[in-house]
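Q: Input structure: model01.cif, which contains mmCIF, C-alpha atoms.
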```cif
data_structure
loop_
_atom_site.label_atom_id
_atom_site.label_comp_id
_atom_site.auth_asym_id
_atom_site.auth_seq_id
_atom_site.Cartn_x
_atom_site.Cartn_y
_atom_site.Cartn_z
CA MET A 30 12.93 8.33 5.42
CA ILE A 31 15.28 5.84 6.98
CA ALA A 32 18.85 6.90 6.34
CA GLY A 33 20.64 4.40 4.14
CA ILE A 34 17.61 2.23 3.43
CA SER A 35 16.07 2.35 -0.03
CA ILE A 36 12.42 1.68 -0.77
CA TYR A 37 13.34 -1.65 -2.34
CA GLU A 38 14.48 -3.17 0.92
CA ILE A 39 11.31 -2.20 2.78
CA LEU A 40 9.13 -3.50 -0.07
CA THR A 41 11.11 -6.76 0.04
CA LEU A 42 10.42 -7.04 3.77
CA THR A 43 6.68 -6.46 3.32
CA SER A 44 6.51 -8.95 0.43
CA ILE A 45 8.14 -11.60 2.60
CA LEU A 46 5.68 -10.89 5.42
CA PHE A 47 2.75 -11.05 2.98
CA PHE A 48 3.75 -14.45 1.66
CA ILE A 49 4.42 -15.83 5.14
CA GLY A 50 0.84 -14.79 5.90
CA ILE A 51 -0.47 -16.54 2.80
CA TYR A 52 1.52 -19.68 3.66
CA GLY A 53 -0.01 -19.71 7.14
CA PHE A 54 -3.49 -19.08 5.79
CA ILE A 55 -3.28 -22.11 3.49
CA THR A 56 -1.52 -24.59 5.77
CA ARG A 57 -3.22 -23.87 9.10
CA LYS A 58 -6.36 -25.79 10.00
CA ASN A 59 -7.53 -23.77 12.96
CA LEU A 60 -9.77 -20.72 12.68
CA ILE A 61 -7.79 -18.58 15.13
CA SER A 62 -4.50 -19.43 13.39
CA MET A 63 -6.02 -18.39 10.09
CA LEU A 64 -7.07 -15.10 11.71
CA ILE A 65 -3.44 -14.58 12.80
CA SER A 66 -2.28 -15.10 9.21
CA ILE A 67 -4.85 -12.57 7.98
CA GLU A 68 -3.43 -10.05 10.45
CA LEU A 69 0.03 -10.62 8.98
CA ILE A 70 -1.26 -10.00 5.43
CA LEU A 71 -3.12 -6.84 6.44
CA ASN A 72 -0.11 -5.47 8.30
CA ALA A 73 2.16 -6.01 5.31
CA SER A 74 -0.23 -3.97 3.16
CA VAL A 75 -0.40 -1.23 5.80
CA VAL A 76 3.39 -0.88 5.82
CA ASN A 77 3.36 -0.75 2.01
CA PHE A 78 0.89 2.15 1.98
CA VAL A 79 2.88 4.12 4.55
CA VAL A 80 6.28 3.51 2.96
CA ILE A 81 5.15 4.44 -0.55
CA ASN A 82 3.57 7.59 0.85
CA LYS A 83 6.75 8.54 2.68
CA TYR A 84 9.24 7.76 -0.07
CA LEU A 85 7.41 8.82 -3.22
CA TYR A 86 4.87 11.50 -2.17
CA PRO A 87 6.20 12.96 1.08
CA ASP A 88 4.04 16.11 1.02
CA MET A 89 0.77 14.16 0.89
CA LEU A 90 -0.95 12.17 3.60
CA GLN A 91 -3.24 9.81 1.70
CA GLY A 92 -1.22 6.69 2.54
CA VAL A 93 -1.46 7.45 6.24
CA PHE A 94 -5.23 7.80 6.04
CA PHE A 95 -5.61 4.60 4.11
CA SER A 96 -3.53 2.74 6.67
CA ILE A 97 -5.59 4.20 9.51
CA PHE A 98 -8.75 2.98 7.77
CA ILE A 99 -7.20 -0.44 7.15
CA ILE A 100 -6.33 -0.71 10.85
CA ALA A 101 -9.90 0.26 11.83
CA VAL A 102 -11.45 -2.26 9.43
CA ALA A 103 -9.02 -4.94 10.64
CA ALA A 104 -10.03 -4.26 14.25
CA ALA A 105 -13.73 -4.56 13.37
CA GLU A 106 -13.07 -7.73 11.38
CA THR A 107 -11.12 -9.34 14.20
CA ALA A 108 -13.81 -8.56 16.76
CA LEU A 109 -16.53 -10.05 14.55
CA ALA A 110 -14.46 -13.09 13.63
CA ILE A 111 -13.64 -13.85 17.25
CA SER A 112 -17.28 -13.51 18.29
CA ILE A 113 -18.24 -15.92 15.48
CA ILE A 114 -15.51 -18.35 16.59
CA ILE A 115 -16.68 -18.28 20.21
CA ASN A 116 -20.27 -18.81 19.10
CA LEU A 117 -19.15 -21.71 16.91
CA TYR A 118 -17.26 -23.26 19.81
CA ARG A 119 -20.41 -23.15 21.91
CA GLN A 120 -22.40 -25.01 19.28
CA ILE A 121 -20.00 -27.62 17.93
CA SER A 122 -17.22 -27.53 20.60
CA SER A 123 -14.49 -27.15 18.01
CA VAL A 124 -12.72 -24.44 16.07
CA GLU A 125 -11.18 -26.65 13.41
CA VAL A 126 -11.95 -25.86 9.80
CA LYS A 127 -12.92 -29.43 8.96
CA ASP A 128 -15.67 -29.47 11.58
CA THR A 129 -17.38 -26.32 10.37
CA GLU A 130 -19.40 -27.51 7.45
CA ILE A 131 -22.84 -26.02 8.07
CA MET A 132 -23.55 -22.36 7.52
CA LYS A 133 -26.84 -22.37 9.41
CA TYR A 134 -27.62 -24.87 12.09
CA MET B 10 22.87 3.71 12.80
CA GLU B 11 19.22 3.69 11.64
CA ARG B 12 20.23 1.27 8.95
CA TYR B 13 21.35 -1.36 11.43
CA ILE B 14 18.24 -0.84 13.55
CA PHE B 15 16.13 -1.45 10.45
CA TYR B 16 17.98 -4.65 9.64
CA ILE B 17 17.63 -5.94 13.19
CA VAL B 18 13.91 -5.12 13.28
CA ALA B 19 13.36 -6.73 9.87
CA PHE B 20 15.19 -9.88 10.92
CA ILE B 21 13.18 -10.14 14.15
CA MET B 22 9.93 -9.60 12.25
CA ILE B 23 10.62 -12.31 9.67
CA VAL B 24 11.78 -14.84 12.26
CA PHE B 25 8.78 -14.27 14.48
CA ALA B 26 6.37 -14.28 11.53
CA ILE B 27 7.64 -17.70 10.48
CA ALA B 28 7.46 -18.88 14.09
CA SER B 29 3.93 -17.52 14.32
CA VAL B 30 2.61 -19.49 11.34
CA SER B 31 4.49 -22.68 12.21
CA SER B 32 4.25 -22.94 16.00
CA ARG B 33 2.11 -25.81 17.22
CA LYS B 34 1.05 -24.13 20.44
CA MET B 35 -1.79 -21.68 19.92
CA LEU B 36 -0.89 -19.19 22.65
CA ARG B 37 2.76 -19.01 21.59
CA SER B 38 1.69 -18.30 18.05
CA VAL B 39 -0.37 -15.30 19.24
CA VAL B 40 2.54 -13.97 21.29
CA TYR B 41 4.88 -14.30 18.29
CA LEU B 42 2.36 -12.28 16.28
CA LEU B 43 2.60 -9.61 18.99
CA PHE B 44 6.34 -9.30 18.34
CA VAL B 45 5.75 -8.92 14.60
CA LEU B 46 3.23 -6.15 15.22
CA MET B 47 5.63 -4.36 17.54
CA GLY B 48 8.30 -4.60 14.85
CA ILE B 49 5.93 -2.91 12.43
CA ALA B 50 5.38 -0.16 14.98
CA GLY B 51 9.16 0.17 15.15
CA ILE B 52 9.31 0.66 11.39
CA PHE B 53 6.66 3.39 11.67
CA PHE B 54 8.82 5.08 14.30
CA LEU B 55 11.85 4.81 12.00
CA ILE B 56 10.12 6.52 9.08
CA ASP B 57 8.90 9.21 11.42
CA TYR B 58 5.16 8.56 11.61
CA ASN B 59 4.82 8.65 15.38
CA PHE B 60 1.02 8.88 15.38
CA LEU B 61 0.66 5.75 13.25
CA ALA B 62 3.12 3.87 15.44
CA ALA B 63 1.09 4.81 18.51
CA ILE B 64 -2.11 3.63 16.80
CA GLN B 65 -0.42 0.39 15.83
CA LEU B 66 0.70 -0.24 19.39
CA THR B 67 -2.61 0.62 21.04
CA VAL B 68 -5.00 -1.01 18.55
CA TYR B 69 -3.01 -4.12 17.72
CA ALA B 70 -0.87 -4.82 20.76
CA GLY B 71 -3.44 -3.45 23.18
CA GLY B 72 -6.67 -4.55 21.57
CA ILE B 73 -6.47 -7.29 19.00
CA ILE B 74 -3.79 -9.38 20.70
CA VAL B 75 -5.63 -9.28 24.02
CA LEU B 76 -8.85 -10.29 22.23
CA MET B 77 -7.09 -13.19 20.56
CA ILE B 78 -5.48 -14.36 23.80
CA PHE B 79 -8.89 -14.30 25.43
CA SER B 80 -10.42 -16.35 22.68
CA VAL B 81 -7.53 -18.83 22.72
CA LEU B 82 -7.94 -19.25 26.47
CA LEU B 83 -11.70 -19.72 26.05
CA VAL B 84 -11.63 -22.35 23.31
CA HIS B 85 -8.38 -24.27 23.90
CA HIS B 86 -6.66 -26.37 26.44
CA ILE B 87 -3.38 -24.65 27.03
CA GLU B 88 -1.25 -27.72 26.41
CA MET B 89 -3.10 -28.87 23.32
CA GLU B 90 -0.96 -29.12 20.21
CA LEU B 91 -2.42 -28.13 16.87
CA GLU B 92 -2.54 -30.65 14.11
CA VAL B 93 -0.36 -29.64 11.19
CA ALA B 94 -0.95 -30.05 7.51
CA LYS B 95 0.58 -32.89 5.58
CA ILE B 96 4.25 -32.51 4.64
CA SER B 97 3.41 -32.63 0.93
CA LYS B 98 0.84 -29.86 1.34
CA GLN B 99 3.32 -27.77 3.32
CA LEU B 100 5.99 -28.25 0.66
CA ILE B 101 3.66 -27.38 -2.22
CA THR B 102 2.35 -24.31 -0.41
CA GLY B 103 5.87 -23.20 0.44
CA LEU B 104 6.97 -23.59 -3.16
CA ILE B 105 3.97 -21.67 -4.46
CA CYS B 106 4.62 -18.90 -1.94
CA LEU B 107 8.29 -18.75 -2.93
CA ALA B 108 7.28 -18.52 -6.59
CA GLY B 109 4.85 -15.72 -5.79
CA LEU B 110 7.55 -13.94 -3.79
CA GLY B 111 9.89 -14.27 -6.77
CA VAL B 112 7.31 -12.68 -9.07
CA PHE B 113 6.75 -9.85 -6.58
CA LEU B 114 10.46 -9.18 -6.12
CA THR B 115 11.31 -9.22 -9.83
CA THR B 116 8.44 -6.79 -10.44
CA ILE B 117 9.54 -4.50 -7.61
CA TYR B 118 13.23 -4.51 -8.54
CA SER B 119 12.58 -3.95 -12.24
CA HIS B 120 10.42 -0.90 -11.52
CA GLU B 121 12.14 2.46 -11.28
CA PHE B 122 10.73 4.37 -8.30
CA THR B 123 11.15 8.13 -8.39
CA VAL B 124 12.12 8.58 -4.76
CA VAL B 125 11.89 12.12 -3.40
CA GLU B 126 14.66 12.77 -0.90
CA ASN B 127 13.07 14.48 2.05
CA SER B 128 13.11 14.79 5.79
CA ILE B 129 9.60 16.14 6.33
CA SER B 130 8.23 15.12 9.68
CA THR B 131 4.46 14.79 9.87
CA THR B 132 2.86 16.01 13.05
CA THR B 133 -0.39 14.75 14.50
CA THR B 134 -1.87 18.20 13.87
CA ASP B 135 -1.36 17.78 10.11
CA ILE B 136 -3.06 14.40 10.12
CA GLY B 137 -6.00 15.67 12.17
CA THR B 138 -6.52 18.81 10.09
CA LYS B 139 -6.36 16.96 6.81
CA MET B 140 -8.59 14.14 7.97
CA LEU B 141 -11.37 16.41 9.25
CA SER B 142 -11.25 18.94 6.40
CA TYR B 143 -14.30 19.52 4.21
CA GLU B 144 -12.33 20.70 1.19
CA ALA B 145 -11.31 18.58 -1.78
CA GLY B 146 -8.98 15.85 -0.66
CA GLY B 147 -10.34 15.87 2.88
CA PHE B 148 -11.28 12.62 4.52
CA ILE B 149 -14.30 13.63 6.62
CA LEU B 150 -16.76 11.28 4.86
CA PRO B 151 -14.70 8.07 5.17
CA PHE B 152 -14.00 9.05 8.77
CA GLU B 153 -17.72 9.20 9.55
CA VAL B 154 -18.40 5.99 7.61
CA ILE B 155 -15.69 4.14 9.51
CA SER B 156 -17.15 5.32 12.84
CA VAL B 157 -20.56 3.90 11.86
CA LEU B 158 -18.83 0.69 10.73
CA LEU B 159 -17.07 0.34 14.08
CA LEU B 160 -20.35 0.87 15.97
CA ALA B 161 -22.13 -1.72 13.82
CA ALA B 162 -19.28 -4.20 14.24
CA MET B 163 -19.32 -3.69 18.01
CA ILE B 164 -23.07 -4.30 18.32
CA GLY B 165 -22.88 -7.22 15.92
CA ALA B 166 -20.04 -8.83 17.83
CA ILE B 167 -21.94 -8.55 21.10
CA ILE B 168 -25.12 -10.01 19.60
CA ILE B 169 -23.34 -12.87 17.82
CA ALA B 170 -21.22 -13.85 20.80
CA LYS B 171 -23.99 -13.58 23.38
CA GLY B 172 -27.45 -13.89 21.90
CA GLU B 173 -27.59 -17.57 20.99
CA LYS B 174 -27.99 -18.98 24.48
CA LEU B 175 -31.69 -18.11 24.66
CA GLU B 176 -32.55 -19.72 21.35
CA ASP B 177 -30.76 -22.90 22.39
CA GLY B 178 -32.80 -23.06 25.58
CA ARG B 179 -36.00 -22.49 23.64
CA GLN B 180 -35.13 -25.22 21.19
CA GLU B 181 -34.41 -27.63 23.99
CA THR B 182 -37.80 -27.01 25.56
CA GLU B 183 -39.47 -27.44 22.19
CA ASP B 184 -37.71 -30.73 21.68
#
```
Rewrite the coordinates I just gave you, this time as C-alpha coordinates.
A:
Amino acid sequence: MIAGISIYEILTLTSILFFIGIYGFITRKNLISMLISIELILNASVVNFVVINKYLYPDMLQGVFFSIFIIAVAAAETALAISIIINLYRQISSVEVKDTEIMKY
Amino acid sequence: MERYIFYIVAFIMIVFAIASVSSRKMLRSVVYLLFVLMGIAGIFFLIDYNFLAAIQLTVYAGGIIVLMIFSVLLVHHIEMELEVAKISKQLITGLICLAGLGVFLTTIYSHEFTVVENSISTTTTDIGTKMLSYEAGGFILPFEVISVLLLAAMIGAIIIAKGEKLEDGRQETED
(Lines of atoms letter the chains of each structure in order from A and count residues from 1; the text may use other names and numbers.)
(Lines give C-alpha, C1' and ligand atoms only; values in the text may rest on other atoms or scores of the structure.)
Protein backbone atom coordinates (compact mmCIF):
# COMPACT_ATOMS: atom_id res chain seq x y z
CA MET A 1 0.00 0.00 0.00
CA ILE A 2 1.06 3.56 -0.59
CA ALA A 3 1.34 5.35 2.73
CA GLY A 4 -1.22 8.12 3.01
CA ILE A 5 -3.02 7.33 -0.23
CA SER A 6 -6.47 5.78 -0.05
CA ILE A 7 -7.95 3.52 -2.70
CA TYR A 8 -10.31 6.30 -3.77
CA GLU A 9 -7.53 8.50 -5.09
CA ILE A 10 -5.99 5.74 -7.19
CA LEU A 11 -9.40 4.76 -8.58
CA THR A 12 -10.00 8.43 -9.44
CA LEU A 13 -6.70 8.51 -11.32
CA THR A 14 -7.52 5.36 -13.30
CA SER A 15 -11.02 6.63 -14.11
CA ILE A 16 -9.55 9.86 -15.48
CA LEU A 17 -7.07 7.89 -17.60
CA PHE A 18 -9.87 5.63 -18.87
CA PHE A 19 -12.00 8.54 -20.02
CA ILE A 20 -9.06 10.33 -21.63
CA GLY A 21 -8.58 7.11 -23.60
CA ILE A 22 -12.24 7.03 -24.61
CA TYR A 23 -12.09 10.70 -25.64
CA GLY A 24 -9.08 9.99 -27.83
CA PHE A 25 -10.69 6.90 -29.32
CA ILE A 26 -13.75 8.87 -30.42
CA THR A 27 -12.11 12.08 -31.63
CA ARG A 28 -9.03 10.72 -33.39
CA LYS A 29 -9.27 9.85 -37.08
CA ASN A 30 -6.04 7.94 -37.50
CA LEU A 31 -5.71 4.21 -36.91
CA ILE A 32 -2.44 4.43 -34.96
CA SER A 33 -3.83 7.21 -32.74
CA MET A 34 -6.84 5.05 -31.98
CA LEU A 35 -4.47 2.22 -31.05
CA ILE A 36 -2.72 4.60 -28.62
CA SER A 37 -6.06 5.42 -27.00
CA ILE A 38 -6.83 1.70 -26.65
CA GLU A 39 -3.52 1.26 -24.85
CA LEU A 40 -4.53 4.00 -22.40
CA ILE A 41 -7.87 2.27 -21.69
CA LEU A 42 -6.24 -1.13 -21.19
CA ASN A 43 -3.60 0.30 -18.86
CA ALA A 44 -6.21 2.00 -16.70
CA SER A 45 -7.97 -1.34 -16.26
CA VAL A 46 -4.68 -3.07 -15.43
CA VAL A 47 -3.96 -0.56 -12.65
CA ASN A 48 -7.50 -1.07 -11.33
CA PHE A 49 -7.01 -4.84 -11.06
CA VAL A 50 -3.68 -4.48 -9.27
CA VAL A 51 -4.83 -1.78 -6.86
CA ILE A 52 -8.01 -3.59 -5.85
CA ASN A 53 -5.98 -6.74 -5.29
CA LYS A 54 -3.47 -4.90 -3.13
CA TYR A 55 -5.91 -2.86 -1.06
CA LEU A 56 -8.82 -5.24 -0.54
CA TYR A 57 -7.39 -8.78 -0.83
CA PRO A 58 -3.69 -8.48 -0.04
CA ASP A 59 -3.10 -12.20 0.60
CA MET A 60 -4.34 -13.25 -2.84
CA LEU A 61 -2.68 -12.84 -6.21
CA GLN A 62 -5.55 -13.09 -8.69
CA GLY A 63 -5.42 -9.41 -9.66
CA VAL A 64 -1.74 -9.71 -10.55
CA PHE A 65 -2.41 -12.70 -12.79
CA PHE A 66 -5.27 -10.99 -14.53
CA SER A 67 -3.12 -7.95 -15.20
CA ILE A 68 -0.32 -10.13 -16.57
CA PHE A 69 -2.82 -11.76 -18.92
CA ILE A 70 -4.23 -8.38 -19.93
CA ILE A 71 -0.71 -7.17 -20.75
CA ALA A 72 -0.04 -10.31 -22.83
CA VAL A 73 -3.31 -9.96 -24.75
CA ALA A 74 -2.62 -6.25 -25.29
CA ALA A 75 0.81 -7.06 -26.71
CA ALA A 76 -0.68 -9.62 -29.11
CA GLU A 77 -3.43 -7.19 -30.10
CA THR A 78 -0.98 -4.39 -30.79
CA ALA A 79 1.25 -6.59 -32.92
CA LEU A 80 -1.71 -7.78 -35.02
CA ALA A 81 -3.19 -4.30 -35.33
CA ILE A 82 0.09 -2.80 -36.47
CA SER A 83 0.61 -5.55 -39.04
CA ILE A 84 -2.91 -4.90 -40.35
CA ILE A 85 -2.21 -1.15 -40.49
CA ILE A 86 1.03 -1.66 -42.43
CA ASN A 87 -0.73 -4.00 -44.83
CA LEU A 88 -3.51 -1.45 -45.28
CA TYR A 89 -0.98 1.27 -45.98
CA ARG A 90 0.53 -0.85 -48.73
CA GLN A 91 -2.81 -1.30 -50.42
CA ILE A 92 -4.52 2.08 -50.09
CA SER A 93 -1.55 4.31 -49.04
CA SER A 94 -3.44 5.75 -46.10
CA VAL A 95 -4.14 4.97 -42.47
CA GLU A 96 -7.08 7.32 -42.02
CA VAL A 97 -10.34 5.84 -40.83
CA LYS A 98 -12.39 7.49 -43.56
CA ASP A 99 -10.37 5.81 -46.30
CA THR A 100 -10.80 2.29 -44.97
CA GLU A 101 -14.22 1.33 -46.16
CA ILE A 102 -13.71 -2.10 -47.70
CA MET A 103 -13.21 -5.18 -45.57
CA LYS A 104 -11.95 -7.34 -48.42
CA TYR A 105 -10.33 -5.92 -51.47
CA MET B 1 7.04 11.11 1.20
CA GLU B 2 5.38 8.37 -0.90
CA ARG B 3 2.27 10.47 -0.93
CA TYR B 4 3.95 13.34 -2.73
CA ILE B 5 5.61 10.96 -5.18
CA PHE B 6 2.19 9.52 -5.98
CA TYR B 7 0.73 12.96 -6.58
CA ILE B 8 3.60 13.96 -8.85
CA VAL B 9 3.36 10.72 -10.84
CA ALA B 10 -0.42 11.06 -11.15
CA PHE B 11 -0.13 14.65 -12.35
CA ILE B 12 2.51 13.72 -14.93
CA MET B 13 0.39 10.80 -16.14
CA ILE B 14 -2.76 12.88 -16.61
CA VAL B 15 -0.93 15.72 -18.36
CA PHE B 16 0.86 13.39 -20.74
CA ALA B 17 -2.28 11.34 -21.40
CA ILE B 18 -4.13 14.49 -22.45
CA ALA B 19 -1.14 15.55 -24.54
CA SER B 20 -1.05 12.09 -26.10
CA VAL B 21 -4.66 12.17 -27.31
CA SER B 22 -4.54 15.80 -28.44
CA SER B 23 -1.10 16.21 -30.03
CA ARG B 24 -1.18 16.75 -33.77
CA LYS B 25 2.20 15.17 -34.43
CA MET B 26 2.02 11.39 -34.55
CA LEU B 27 5.50 10.63 -33.20
CA ARG B 28 5.12 13.03 -30.28
CA SER B 29 1.86 11.40 -29.36
CA VAL B 30 3.58 7.99 -29.15
CA VAL B 31 6.37 9.40 -26.99
CA TYR B 32 3.82 11.00 -24.64
CA LEU B 33 2.16 7.59 -24.34
CA LEU B 34 5.57 6.21 -23.31
CA PHE B 35 5.64 8.64 -20.37
CA VAL B 36 2.15 7.56 -19.28
CA LEU B 37 3.20 3.92 -19.35
CA MET B 38 6.31 4.68 -17.32
CA GLY B 39 4.13 6.48 -14.79
CA ILE B 40 2.01 3.36 -14.47
CA ALA B 41 5.17 1.35 -13.86
CA GLY B 42 6.02 3.88 -11.15
CA ILE B 43 2.66 3.25 -9.48
CA PHE B 44 3.36 -0.50 -9.56
CA PHE B 45 6.69 0.19 -7.85
CA LEU B 46 4.92 2.32 -5.24
CA ILE B 47 2.44 -0.41 -4.30
CA ASP B 48 5.28 -2.89 -4.12
CA TYR B 49 4.67 -5.13 -7.13
CA ASN B 50 8.18 -5.03 -8.54
CA PHE B 51 7.65 -7.93 -10.95
CA LEU B 52 4.63 -6.28 -12.56
CA ALA B 53 6.49 -2.99 -12.87
CA ALA B 54 9.35 -4.77 -14.62
CA ILE B 55 6.88 -6.46 -17.00
CA GLN B 56 5.23 -3.12 -17.69
CA LEU B 57 8.54 -1.51 -18.52
CA THR B 58 9.84 -4.32 -20.73
CA VAL B 59 6.64 -5.20 -22.59
CA TYR B 60 5.21 -1.72 -23.04
CA ALA B 61 8.17 0.63 -23.06
CA GLY B 62 10.47 -1.91 -24.68
CA GLY B 63 8.11 -3.66 -27.06
CA ILE B 64 4.89 -1.92 -27.89
CA ILE B 65 6.25 1.63 -28.02
CA VAL B 66 9.11 0.57 -30.29
CA LEU B 67 6.62 -1.25 -32.54
CA MET B 68 4.43 1.83 -32.72
CA ILE B 69 7.36 4.13 -33.47
CA PHE B 70 8.38 1.79 -36.27
CA SER B 71 4.92 1.80 -37.76
CA VAL B 72 4.64 5.59 -37.46
CA LEU B 73 7.96 5.98 -39.25
CA LEU B 74 6.84 3.54 -41.95
CA VAL B 75 3.47 5.10 -42.74
CA HIS B 76 3.93 8.82 -42.01
CA HIS B 77 5.93 11.76 -43.09
CA ILE B 78 7.53 13.02 -39.94
CA GLU B 79 6.33 16.59 -40.33
CA MET B 80 2.79 15.71 -41.32
CA GLU B 81 0.12 17.10 -39.01
CA LEU B 82 -2.93 15.02 -38.24
CA GLU B 83 -6.31 16.37 -39.07
CA VAL B 84 -8.40 16.95 -35.98
CA ALA B 85 -12.08 16.40 -35.43
CA LYS B 86 -14.53 19.25 -35.64
CA ILE B 87 -14.72 21.54 -32.61
CA SER B 88 -18.37 20.63 -32.03
CA LYS B 89 -17.53 16.92 -32.06
CA GLN B 90 -14.64 17.49 -29.66
CA LEU B 91 -16.86 19.47 -27.31
CA ILE B 92 -19.66 16.89 -27.35
CA THR B 93 -17.22 14.04 -26.80
CA GLY B 94 -15.53 15.92 -23.97
CA LEU B 95 -18.85 16.60 -22.30
CA ILE B 96 -19.94 12.98 -22.62
CA CYS B 97 -16.62 11.82 -21.19
CA LEU B 98 -16.94 14.27 -18.29
CA ALA B 99 -20.45 12.99 -17.61
CA GLY B 100 -19.22 9.41 -17.65
CA LEU B 101 -16.37 10.36 -15.32
CA GLY B 102 -18.90 11.95 -12.98
CA VAL B 103 -20.96 8.77 -12.91
CA PHE B 104 -17.84 6.69 -12.23
CA LEU B 105 -16.62 8.96 -9.44
CA THR B 106 -19.99 9.21 -7.68
CA THR B 107 -20.26 5.41 -7.79
CA ILE B 108 -16.72 4.95 -6.47
CA TYR B 109 -17.02 7.52 -3.70
CA SER B 110 -20.42 6.27 -2.53
CA HIS B 111 -19.14 2.70 -2.21
CA GLU B 112 -17.60 1.68 1.09
CA PHE B 113 -14.44 -0.33 0.42
CA THR B 114 -13.29 -2.61 3.22
CA VAL B 115 -9.60 -1.83 2.97
CA VAL B 116 -7.26 -4.27 4.71
CA GLU B 117 -4.29 -2.45 6.18
CA ASN B 118 -1.23 -4.45 5.27
CA SER B 119 2.38 -4.25 4.26
CA ILE B 120 2.75 -7.65 2.62
CA SER B 121 5.36 -7.59 -0.09
CA THR B 122 4.85 -10.06 -2.90
CA THR B 123 7.97 -11.72 -4.22
CA THR B 124 8.43 -13.06 -7.72
CA THR B 125 8.67 -16.54 -6.23
CA ASP B 126 5.10 -16.29 -4.92
CA ILE B 127 3.80 -15.21 -8.31
CA GLY B 128 5.65 -17.98 -10.13
CA THR B 129 4.59 -20.72 -7.71
CA LYS B 130 0.97 -19.69 -7.75
CA MET B 131 0.84 -19.25 -11.50
CA LEU B 132 2.31 -22.68 -12.28
CA SER B 133 0.44 -24.62 -9.59
CA TYR B 134 -1.91 -27.45 -10.54
CA GLU B 135 -4.08 -27.15 -7.44
CA ALA B 136 -7.36 -25.28 -7.17
CA GLY B 137 -6.79 -21.61 -7.78
CA GLY B 138 -3.68 -22.24 -9.85
CA PHE B 139 -3.28 -20.52 -13.18
CA ILE B 140 -1.48 -23.17 -15.23
CA LEU B 141 -4.24 -23.53 -17.87
CA PRO B 142 -4.62 -19.82 -18.70
CA PHE B 143 -0.83 -19.60 -18.77
CA GLU B 144 -0.63 -22.31 -21.43
CA VAL B 145 -3.55 -20.82 -23.38
CA ILE B 146 -1.91 -17.39 -23.40
CA SER B 147 1.34 -18.90 -24.70
CA VAL B 148 -0.55 -20.50 -27.62
CA LEU B 149 -2.33 -17.17 -28.20
CA LEU B 150 0.98 -15.31 -28.35
CA LEU B 151 2.41 -17.84 -30.84
CA ALA B 152 -0.69 -17.58 -33.03
CA ALA B 153 -0.61 -13.79 -32.89
CA MET B 154 3.07 -13.76 -33.83
CA ILE B 155 2.59 -16.03 -36.86
CA GLY B 156 -0.54 -14.15 -37.88
CA ALA B 157 1.20 -10.79 -37.66
CA ILE B 158 4.06 -12.02 -39.83
CA ILE B 159 1.70 -13.47 -42.44
CA ILE B 160 -0.57 -10.42 -42.55
CA ALA B 161 2.25 -7.91 -42.75
CA LYS B 162 4.32 -9.82 -45.28
CA GLY B 163 2.30 -12.26 -47.34
CA GLU B 164 0.28 -9.95 -49.56
CA LYS B 165 3.06 -8.90 -51.92
CA LEU B 166 2.92 -12.15 -53.89
CA GLU B 167 -0.82 -12.02 -54.45
CA ASP B 168 -0.55 -8.45 -55.68
CA GLY B 169 2.08 -9.48 -58.23
CA ARG B 170 -0.06 -12.38 -59.36
CA GLN B 171 -3.08 -10.15 -59.77
CA GLU B 172 -1.08 -7.69 -61.80
CA THR B 173 0.06 -10.39 -64.19
CA GLU B 174 -3.49 -11.66 -64.49
CA ASP B 175 -4.72 -8.20 -65.32
Q: Pull out every residue of chain B that has at least one atom within 6 Å of chain A, counting only C-alpha atoms, and report them as a PyMOL selection string.
A: chain B and resi 12+30+56+94+106+124-125+159+162+166+170
Q: Can you turn the PyMOL selection byres ((chain B and resi 70-79) around 8) into a concrete residue list for this file, as a PyMOL selection string?
A: (chain A and resi 61+104+107-108+111) or (chain B and resi 36+39-40+43+46-47+65-69+80-83)
Q: Evaluating the PyMOL selection byres ((chain B and resi 22) around 8) on the displayed file yields which residues, as a short mmCIF file (atom, residue, chain, number, x, y, z; two decimals) with C-alpha atoms, in the frame of the given file?
A:
```
data_model
loop_
_atom_site.label_atom_id
_atom_site.label_comp_id
_atom_site.auth_asym_id
_atom_site.auth_seq_id
_atom_site.Cartn_x
_atom_site.Cartn_y
_atom_site.Cartn_z
CA VAL B 18 13.91 -5.12 13.28
CA ALA B 19 13.36 -6.73 9.87
CA PHE B 20 15.19 -9.88 10.92
CA ILE B 21 13.18 -10.14 14.15
CA ILE B 23 10.62 -12.31 9.67
CA VAL B 24 11.78 -14.84 12.26
CA PHE B 25 8.78 -14.27 14.48
CA ALA B 26 6.37 -14.28 11.53
CA PHE B 44 6.34 -9.30 18.34
CA VAL B 45 5.75 -8.92 14.60
CA GLY B 48 8.30 -4.60 14.85
CA ILE B 49 5.93 -2.91 12.43
#
```
Q: Could you work out how far atom CA of B:Lys171 lies from atom CA of B:Val84, giving the answer in Å with one decimal?
A: 15.2 Å
Q: Calculate how many Å separate atom CA of A:Leu71 from atom CA of A:Asp128, rounding to one decimal.
A: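 Separating atom CA of A:Leu71 from atom CA of A:Asp128 is a distance of 26.4 Å.
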Q: At what distance in Å, to one decimal, does atom CA of B:Thr133 lie from atom CA of B:Asn59?
A: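 Computing the Euclidean distance for atom CA of B:Asn59 and atom CA of B:Thr133 yields 8.1 Å.
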Q: I'd like the residues picked by the PyMOL selection byres ((chain B and resi 34) around 10) written out as a PyMOL selection string, using the chain letters and numbers from the file.
A: chain B and resi 29+31-33+35-39+87-92
Q: Name all residues at most 9 Å from B:Ile149 (count all atoms listed in the file; drop same-chain ones fewer than 5 positions away) and give them as an mmCIF file with C-alpha atoms, keeping the file's coordinate frame.
A:
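File selection13.cif, as written:
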```
data_model
loop_
_atom_site.group_PDB
_atom_site.id
_atom_site.type_symbol
_atom_site.label_atom_id
_atom_site.label_comp_id
_atom_site.auth_asym_id
_atom_site.auth_seq_id
_atom_site.Cartn_x
_atom_site.Cartn_y
_atom_site.Cartn_z
ATOM 1 C CA LYS B 139 -6.360 16.960 6.810
ATOM 2 C CA MET B 140 -8.590 14.140 7.970
ATOM 3 C CA LEU B 141 -11.370 16.410 9.250
ATOM 4 C CA SER B 142 -11.250 18.940 6.400
ATOM 5 C CA TYR B 143 -14.300 19.520 4.210
ATOM 6 C CA VAL B 154 -18.400 5.990 7.610
#
```
Q: Hey, which of B:Leu55, B:Ala145, B:Val157, B:Leu42 ends up closest to B:Ile27? Count all atoms listed in the file.
A: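 For B:Ile27, the nearest of the candidates is B:Leu42.
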